[in-house]
Each structure stands twice: as C-alpha cells, then as structure tokens.
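Engineer: See my_file.csv below, with CSV, C-alpha atoms.
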chain,number,residue,atom,x,y,z
A,217,MET,CA,-15.2,0.5,22.2
A,218,ALA,CA,-14.1,0.5,18.6
A,219,ARG,CA,-16.1,-1.8,16.4
A,220,PRO,CA,-14.0,-4.7,15.2
A,221,ARG,CA,-13.0,-4.3,11.6
A,222,LYS,CA,-14.0,-7.2,9.5
A,223,LEU,CA,-11.1,-8.2,7.2
A,224,LYS,CA,-13.2,-10.3,4.8
A,225,LYS,CA,-16.0,-9.4,2.5
A,226,GLN,CA,-14.3,-6.1,1.6
A,227,ARG,CA,-13.4,-5.5,-2.0
A,228,PRO,CA,-9.6,-5.8,-2.2
A,229,GLN,CA,-7.7,-2.9,-3.6
A,230,VAL,CA,-4.2,-2.8,-5.0
A,231,ARG,CA,-1.5,-0.2,-4.4
A,232,ILE,CA,1.4,0.2,-6.8
A,233,LEU,CA,4.7,1.0,-4.9
A,234,PHE,CA,7.5,2.7,-6.9
A,235,GLY,CA,10.5,1.9,-4.7
A,236,SER,CA,9.3,3.0,-1.3
A,237,VAL,CA,6.8,5.6,-2.3
A,238,TYR,CA,3.2,5.6,-3.6
A,239,PRO,CA,2.9,8.5,-6.0
A,240,LEU,CA,-0.8,7.7,-6.1
A,241,GLY,CA,-2.9,5.2,-4.2
A,242,PRO,CA,-6.6,4.4,-3.8
A,243,GLY,CA,-7.0,7.0,-1.1
A,244,LYS,CA,-5.4,9.8,-3.0
A,245,ALA,CA,-7.2,8.9,-6.2
A,246,SER,CA,-10.5,9.0,-4.4
A,247,LEU,CA,-9.7,12.4,-3.0
A,248,ILE,CA,-8.7,13.8,-6.4
A,249,GLU,CA,-11.9,12.4,-7.9
A,250,ALA,CA,-13.9,14.1,-5.2
A,251,VAL,CA,-12.2,17.4,-6.0
A,252,GLY,CA,-13.2,16.9,-9.6
A,253,ARG,CA,-16.8,16.2,-8.5
A,254,THR,CA,-17.1,19.0,-6.0
A,255,GLY,CA,-14.8,21.6,-7.4
A,256,SER,CA,-13.2,22.3,-4.1
A,257,ILE,CA,-10.6,20.7,-1.7
A,258,SER,CA,-12.7,21.5,1.4
A,259,ALA,CA,-15.8,19.9,0.0
A,260,ALA,CA,-13.8,16.9,-1.1
A,261,ALA,CA,-12.2,16.6,2.3
A,262,ARG,CA,-15.7,16.7,3.9
A,263,GLU,CA,-16.9,14.0,1.6
A,264,LEU,CA,-14.1,11.8,2.6
A,265,GLY,CA,-14.2,12.7,6.3
A,266,MET,CA,-10.8,14.2,6.5
A,267,SER,CA,-9.6,17.6,7.6
A,268,TYR,CA,-9.0,20.3,4.9
A,269,ARG,CA,-5.3,20.4,6.1
A,270,ARG,CA,-4.9,16.7,5.5
A,271,ALA,CA,-6.6,16.8,2.1
A,272,TRP,CA,-4.4,19.8,1.1
A,273,GLN,CA,-1.2,18.0,2.2
A,274,LEU,CA,-2.1,14.8,0.3
A,275,ILE,CA,-2.9,16.7,-2.9
A,276,ASP,CA,0.3,18.8,-2.6
A,277,ALA,CA,2.4,15.7,-2.1
A,278,THR,CA,0.8,14.0,-5.0
A,279,ASN,CA,1.3,17.0,-7.3
A,280,LYS,CA,5.0,16.9,-6.6
A,281,TYR,CA,5.4,13.4,-7.6
A,282,PHE,CA,4.2,14.1,-11.1
A,283,ARG,CA,5.6,16.0,-14.1
A,284,GLN,CA,2.6,18.4,-13.9
A,285,PRO,CA,0.0,19.1,-11.2
A,286,LEU,CA,-3.0,16.8,-11.1
A,287,VAL,CA,-5.0,19.5,-9.2
A,288,GLU,CA,-4.9,23.2,-9.6
A,289,THR,CA,-6.3,25.7,-7.1
A,290,ALA,CA,-7.6,29.2,-7.7
A,291,THR,CA,-7.1,31.5,-4.7
A,292,GLY,CA,-9.3,34.4,-3.9
A,293,GLY,CA,-12.8,35.1,-5.2
A,294,ARG,CA,-16.0,34.0,-3.6
A,295,GLY,CA,-15.6,31.1,-1.2
A,296,GLY,CA,-11.8,31.4,-1.3
A,297,GLY,CA,-11.5,30.0,-4.8
A,298,GLY,CA,-12.1,26.5,-6.0
A,299,ALA,CA,-10.0,23.6,-7.2
A,300,THR,CA,-10.0,21.7,-10.5
A,301,VAL,CA,-8.5,18.5,-11.7
A,302,THR,CA,-6.3,19.3,-14.7
A,303,SER,CA,-6.6,17.3,-18.0
A,304,PHE,CA,-3.2,15.8,-17.1
A,305,GLY,CA,-4.7,14.8,-13.8
A,306,GLU,CA,-7.7,13.2,-15.5
A,307,GLU,CA,-5.4,11.2,-17.7
A,308,VAL,CA,-3.3,10.0,-14.8
A,309,LEU,CA,-6.4,9.0,-12.8
A,310,ASP,CA,-7.8,7.2,-15.7
A,311,ARG,CA,-4.6,5.2,-16.2
A,312,PHE,CA,-4.3,4.5,-12.5
A,313,ARG,CA,-7.8,3.2,-12.2
A,314,THR,CA,-7.2,0.9,-15.2
A,315,ILE,CA,-4.0,-0.5,-13.7
A,316,GLU,CA,-5.7,-1.0,-10.4
A,317,ALA,CA,-8.7,-2.8,-11.9
A,318,LYS,CA,-6.4,-5.0,-14.0
A,319,ALA,CA,-4.2,-5.9,-11.1
A,320,VAL,CA,-7.1,-6.8,-8.9
A,321,ALA,CA,-8.8,-8.9,-11.6
A,322,SER,CA,-5.6,-10.8,-12.2
A,323,VAL,CA,-5.5,-12.0,-8.6
A,324,ASP,CA,-9.1,-12.0,-7.7
A,325,ARG,CA,-9.5,-15.7,-7.2
A,326,ASP,CA,-6.1,-16.0,-5.4
A,327,ILE,CA,-7.2,-13.3,-3.0
A,328,THR,CA,-10.5,-15.1,-2.2
A,329,GLU,CA,-8.4,-18.1,-1.4
A,330,PHE,CA,-6.0,-16.1,0.6
A,331,GLU,CA,-8.8,-14.8,2.7
A,332,ARG,CA,-9.3,-18.1,4.4
A,333,TYR,CA,-6.0,-17.5,6.2
A,334,LEU,CA,-7.3,-14.4,7.8
A,335,ALA,CA,-8.8,-14.2,11.2
A,336,ASP,CA,-12.5,-13.3,11.3
A,337,GLU,CA,-11.5,-10.3,13.3
A,338,PRO,CA,-8.1,-9.1,14.3
A,339,SER,CA,-7.4,-10.4,17.8
A,340,GLY,CA,-5.8,-8.6,20.7
B,28,MET,CA,20.7,17.1,2.8
B,29,ALA,CA,18.6,14.0,2.0
B,30,ARG,CA,19.4,12.4,-1.3
B,31,PRO,CA,16.5,12.8,-3.7
B,32,ARG,CA,14.6,9.6,-4.2
B,33,LYS,CA,14.4,8.5,-7.7
B,34,LEU,CA,10.9,7.4,-8.5
B,35,LYS,CA,11.7,5.6,-11.6
B,36,LYS,CA,13.9,2.5,-12.3
B,37,GLN,CA,12.7,0.9,-9.1
B,38,ARG,CA,10.9,-2.4,-9.3
B,39,PRO,CA,7.3,-1.7,-8.7
B,40,GLN,CA,5.6,-3.7,-6.0
B,41,VAL,CA,1.9,-4.3,-5.3
B,42,ARG,CA,0.1,-4.2,-2.0
B,43,ILE,CA,-3.2,-5.9,-1.6
B,44,LEU,CA,-5.5,-3.9,0.7
B,45,PHE,CA,-8.3,-5.7,2.5
B,46,GLY,CA,-10.7,-2.9,3.2
B,47,SER,CA,-8.5,-0.4,4.9
B,48,VAL,CA,-5.9,-2.8,6.3
B,49,TYR,CA,-2.9,-4.7,5.0
B,50,PRO,CA,-2.7,-8.0,6.8
B,51,LEU,CA,0.5,-8.5,5.0
B,52,GLY,CA,2.5,-6.2,2.7
B,53,PRO,CA,5.9,-6.4,1.0
B,54,GLY,CA,7.7,-4.9,4.1
B,55,LYS,CA,6.1,-7.4,6.6
B,56,ALA,CA,6.7,-10.3,4.2
B,57,SER,CA,10.4,-9.4,3.9
B,58,LEU,CA,10.7,-9.1,7.7
B,59,ILE,CA,9.1,-12.5,8.3
B,60,GLU,CA,11.3,-14.0,5.6
B,61,ALA,CA,14.4,-12.5,7.4
B,62,VAL,CA,13.2,-14.1,10.6
B,63,GLY,CA,13.0,-17.5,8.8
B,64,ARG,CA,16.6,-17.0,7.5
B,65,THR,CA,18.2,-15.7,10.7
B,66,GLY,CA,16.1,-17.5,13.4
B,67,SER,CA,15.6,-14.4,15.4
B,68,ILE,CA,13.6,-11.2,15.4
B,69,SER,CA,16.6,-9.0,16.5
B,70,ALA,CA,18.8,-10.4,13.7
B,71,ALA,CA,16.0,-9.9,11.2
B,72,ALA,CA,15.4,-6.3,12.4
B,73,ARG,CA,19.2,-5.6,12.0
B,74,GLU,CA,19.1,-7.0,8.5
B,75,LEU,CA,16.3,-4.7,7.6
B,76,GLY,CA,17.7,-1.7,9.4
B,77,MET,CA,14.8,-1.3,11.9
B,78,SER,CA,14.6,-1.4,15.6
B,79,TYR,CA,13.9,-4.6,17.5
B,80,ARG,CA,10.8,-2.9,18.9
B,81,ARG,CA,9.5,-2.0,15.5
B,82,ALA,CA,10.1,-5.5,14.1
B,83,TRP,CA,8.4,-7.0,17.1
B,84,GLN,CA,5.3,-4.8,16.7
B,85,LEU,CA,5.0,-5.5,13.0
B,86,ILE,CA,5.2,-9.3,13.6
B,87,ASP,CA,2.8,-9.1,16.5
B,88,ALA,CA,0.3,-7.1,14.4
B,89,THR,CA,0.6,-9.5,11.5
B,90,ASN,CA,0.1,-12.5,13.7
B,91,LYS,CA,-3.2,-11.1,14.9
B,92,TYR,CA,-4.6,-10.7,11.4
B,93,PHE,CA,-4.3,-14.4,10.7
B,94,ARG,CA,-6.0,-17.5,12.0
B,95,GLN,CA,-2.7,-18.8,13.4
B,96,PRO,CA,0.6,-17.1,14.1
B,97,LEU,CA,3.0,-16.7,11.2
B,98,VAL,CA,6.0,-16.4,13.6
B,99,GLU,CA,6.5,-18.1,16.9
B,100,THR,CA,9.0,-17.0,19.6
B,101,ALA,CA,10.7,-19.0,22.2
B,102,THR,CA,11.5,-17.1,25.4
B,103,GLY,CA,14.4,-17.9,27.6
B,104,GLY,CA,17.4,-20.0,26.9
B,105,ARG,CA,20.7,-18.8,25.5
B,106,GLY,CA,20.4,-15.5,23.6
B,107,GLY,CA,16.9,-14.9,24.9
B,108,GLY,CA,15.3,-17.5,22.7
B,109,GLY,CA,14.8,-17.4,19.0
B,110,ALA,CA,12.0,-17.0,16.5
B,111,THR,CA,10.7,-19.3,13.8
B,112,VAL,CA,8.3,-19.0,10.9
B,113,THR,CA,5.5,-21.6,11.4
B,114,SER,CA,4.5,-23.9,8.6
B,115,PHE,CA,1.3,-21.9,8.4
B,116,GLY,CA,3.5,-18.8,8.0
B,117,GLU,CA,5.5,-20.4,5.2
B,118,GLU,CA,2.3,-21.2,3.4
B,119,VAL,CA,0.9,-17.7,3.8
B,120,LEU,CA,4.2,-16.1,2.7
B,121,ASP,CA,4.3,-18.4,-0.3
B,122,ARG,CA,0.8,-17.5,-1.4
B,123,PHE,CA,1.4,-13.9,-0.8
B,124,ARG,CA,4.5,-13.8,-3.0
B,125,THR,CA,2.6,-15.6,-5.7
B,126,ILE,CA,-0.2,-13.1,-5.6
B,127,GLU,CA,2.3,-10.2,-5.6
B,128,ALA,CA,4.2,-11.6,-8.6
B,129,LYS,CA,1.0,-12.3,-10.5
B,130,ALA,CA,-0.4,-8.8,-9.9
B,131,VAL,CA,2.9,-7.1,-10.9
B,132,ALA,CA,3.2,-9.2,-14.0
B,133,SER,CA,-0.4,-8.3,-15.1
B,134,VAL,CA,0.3,-4.6,-15.0
B,135,ASP,CA,4.0,-4.6,-15.8
B,136,ARG,CA,3.7,-2.8,-19.2
B,137,ASP,CA,1.0,-0.4,-17.9
B,138,ILE,CA,3.3,0.6,-15.0
B,139,THR,CA,6.2,1.3,-17.4
B,140,GLU,CA,3.9,3.6,-19.4
B,141,PHE,CA,2.6,5.2,-16.2
B,142,GLU,CA,6.1,6.1,-15.2
B,143,ARG,CA,6.3,8.7,-17.9
B,144,TYR,CA,3.8,10.8,-15.9
B,145,LEU,CA,6.2,10.8,-12.9
B,146,ALA,CA,8.6,13.6,-12.1
B,147,ASP,CA,12.3,12.6,-12.4
B,148,GLU,CA,12.5,13.6,-8.7
B,149,PRO,CA,9.8,14.8,-6.4
B,150,SER,CA,9.9,18.5,-6.3
B,151,GLY,CA,9.6,20.8,-3.3
Have the structure of the file written as structure tokens, please.
Structural biologist:
Amino acid sequence: MARPRKLKKQRPQVRILFGSVYPLGPGKASLIEAVGRTGSISAAARELGMSYRRAWQLIDATNKYFRQPLVETATGGRGGGGATVTSFGEEVLDRFRTIEAKAVASVDRDITEFERYLADEPSG
Amino acid sequence: MARPRKLKKQRPQVRILFGSVYPLGPGKASLIEAVGRTGSISAAARELGMSYRRAWQLIDATNKYFRQPLVETATGGRGGGGATVTSFGEEVLDRFRTIEAKAVASVDRDITEFERYLADEPSG
C-alpha cells in the first residue's frame, strides 16, 4: 500500500510557466545542480532516484529551450565521459533560484492560509 | 508539421507546488471556472478543448485534495444533470487567483529578464 502523501508541512515551491511550457522547473533545476556537484549525468540521476535515460531526456529538453546549453557532455574517455554545467547554465540556475525564492516569499503567508483548505490526506 | 511554440511573449503563470503535488494549478482553476460559467462539466471540457473524461478526472482529483468538494455534480434529470462550483470552491478559486497574481507580480521584472536566456523557438 502506498503511503499517503501529506499535503501540508511541505515547503511550497513555485514553477514559472511560459505559455504552456516550463523551460525550467524545480525538478530540472535540482537535476542540473546535481550534475554540477557530481560531474556526471548518471551520478546525478542516481542521486535523484531517476533513470539515466530520464535524466538525459530532461537535460536535453532543457538545453533546447535556452539560447545555449546549460549542460555539456563529454563523450568517450574513462567512465564514458562526464558532464558539466556551463557558465551560462550557472547564470540561468542562479537567476531561476532567485525568482523562485522571491515568488515563494511573496506568497508565503497566503500559502499557509491556503493550506487550511487542503485535506489532511488526499482521499479516494 | 507542428507549429513551433514561441516561448516568449506569453504571459507567465506561476504554479504553487505543495511537496510534489499541485492541489490546484492554472489549468484546473480554468476548468473549474468554466464549470461555474457553463453549469456543466461537458460544456466546460468543450470550452477548454479537452475530453469529458479528462475534465472529469481533473475535477475528481482536485476535489480529493481539499477538505470539501470544489465542484458538485447532479446526476439524472434532463441532460444528465449539471455541475456547480460550491461556495467553498468559489472561495478556494478566489484565494488561488490572488496568490497566483501576487506571485507573478513579485517576479514580473525578473521573468522579463529571464526571457532573454530563452531560445526564440525550442530547437530540435
């Protein structure tokens, strides 16, 4: 049986939608940050509990939304080559995290109030 | 061939994530507002260009995240019964739209600056 997911007491996050797409969201940002820390897509995928394939697809999709790639991969070499976050990628991530924090801070109190509308656990 | 989606010049929206779930997002909010306007899930689904089944699923999922239902359906009667937004639902929607507007306003300028990182059209 799946453990019920608690809706409350979780730090709210914010996603910025451009039209109907998310060029970057909290999940993709965490993945790219993990690539920066670990120097490889497979290690980053492991850290976030997702498949290499899924991680690669997310990074590839994100790269395409931007003027320049956020992550670059080196093929070949020992261990199949690593991955690095470009300086453009660092700048984009930094801006994104700033926007996220600012948006959350602006509605922090409203969200706490909104939480009283939520069920303790999703029913059904 | 699919028309390329322009990333820019679209009004940014904000989604508030509670943990890993969205009890309510811009799409669900628009759907529920359409139910309020049209008095039926099928008419709301048509208005938003989605199947009745999809609309019903979204509404059902949303209802379960909250203490009380946001939408109530009446079965039977002419036309198979209609659907109404409850007063609880109206209150939740109102709060949600306020939070959304406030969050967007707080990062409006930052998002405009962020847009210069985006490709004119997603490549690939």
Engineer: Quick one: everything within 6 Å of stretch 322-337 of chain A, counting only C-alpha atoms, minus sequence neighbours fewer than 2 positions away in the same chain. Send it as a PDB file with C-alpha atoms, keeping the file's coordinate frame.
Structural biologist:
ATOM      1  CA  LYS A 222     -14.000  -7.200   9.500  1.00  0.00           C
ATOM      2  CA  ALA A 319      -4.200  -5.900 -11.100  1.00  0.00           C
ATOM      3  CA  VAL A 320      -7.100  -6.800  -8.900  1.00  0.00           C
TER       4      VAL A 320
ATOM      5  CA  TYR B  92      -4.600 -10.700  11.400  1.00  0.00           C
ATOM      6  CA  PHE B  93      -4.300 -14.400  10.700  1.00  0.00           C
ATOM      7  CA  ARG B  94      -6.000 -17.500  12.000  1.00  0.00           C
TER       8      ARG B  94
END
Engineer: Quick one: of A:Glu307, A:Lys280, A:Arg262, A:Thr289, who's nearest to chain B, counting all atoms listed in the file?
Structural biologist: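 Smallest distance to chain B is found for A:Lys280.
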Engineer: One decimal, in Å: what's the spacing between atom CA of B:Asp121 and atom CA of B:Ala72?
Structural biologist: 20.8 Å
Engineer: Using only C-alpha atoms, find the one residue out of B:Ala88, B:Val112, B:Met77, B:Ala101 that sits nearest to chain A.
Structural biologist: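 Looking only at the distances to chain A, the closest residue turns out to be B:Ala88.
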Engineer: Residues within 8 Å of A:Glu288, please, as a list in words. Count all atoms listed in the file; anything in the same chain fewer than 6 positions from it doesn't count.
Structural biologist: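 Listed by chain and then number, they are Ala299, Thr300, Val301 and Thr302 of chain A.
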Engineer: Could you tell me how far atom CA of B:Leu51 sits from atom CA of B:Phe115, in Å to one decimal place?
Structural biologist: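 Those two atoms sit 13.8 Å apart.
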Engineer: Could you jot down the atom CA of B:Gly109 to atom CA of B:Ser67 separation for me, Å, one decimal place?
Structural biologist: 4.8 Å
Engineer: Given only C-alpha atoms as the basis, pick out the residue of B:Gly52, B:Val98, B:Ile68, B:Arg81 nearest to chain A.
Structural biologist: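 Closest candidate: B:Gly52.
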Engineer: Give the answer as one residue: which of B:Arg122, B:Asp87, B:Glu117, B:Glu127 has the shortest atom-to-atom distance to B:Arg64, using all atoms listed in the file?
Structural biologist: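 Smallest distance to B:Arg64 is found for B:Glu117.
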Engineer: From the options A:Ala245, A:Gly255, A:Arg231, A:Gly265, which residue's atoms come nearest to chain B, counting only C-alpha atoms?
Structural biologist: A:Arg231
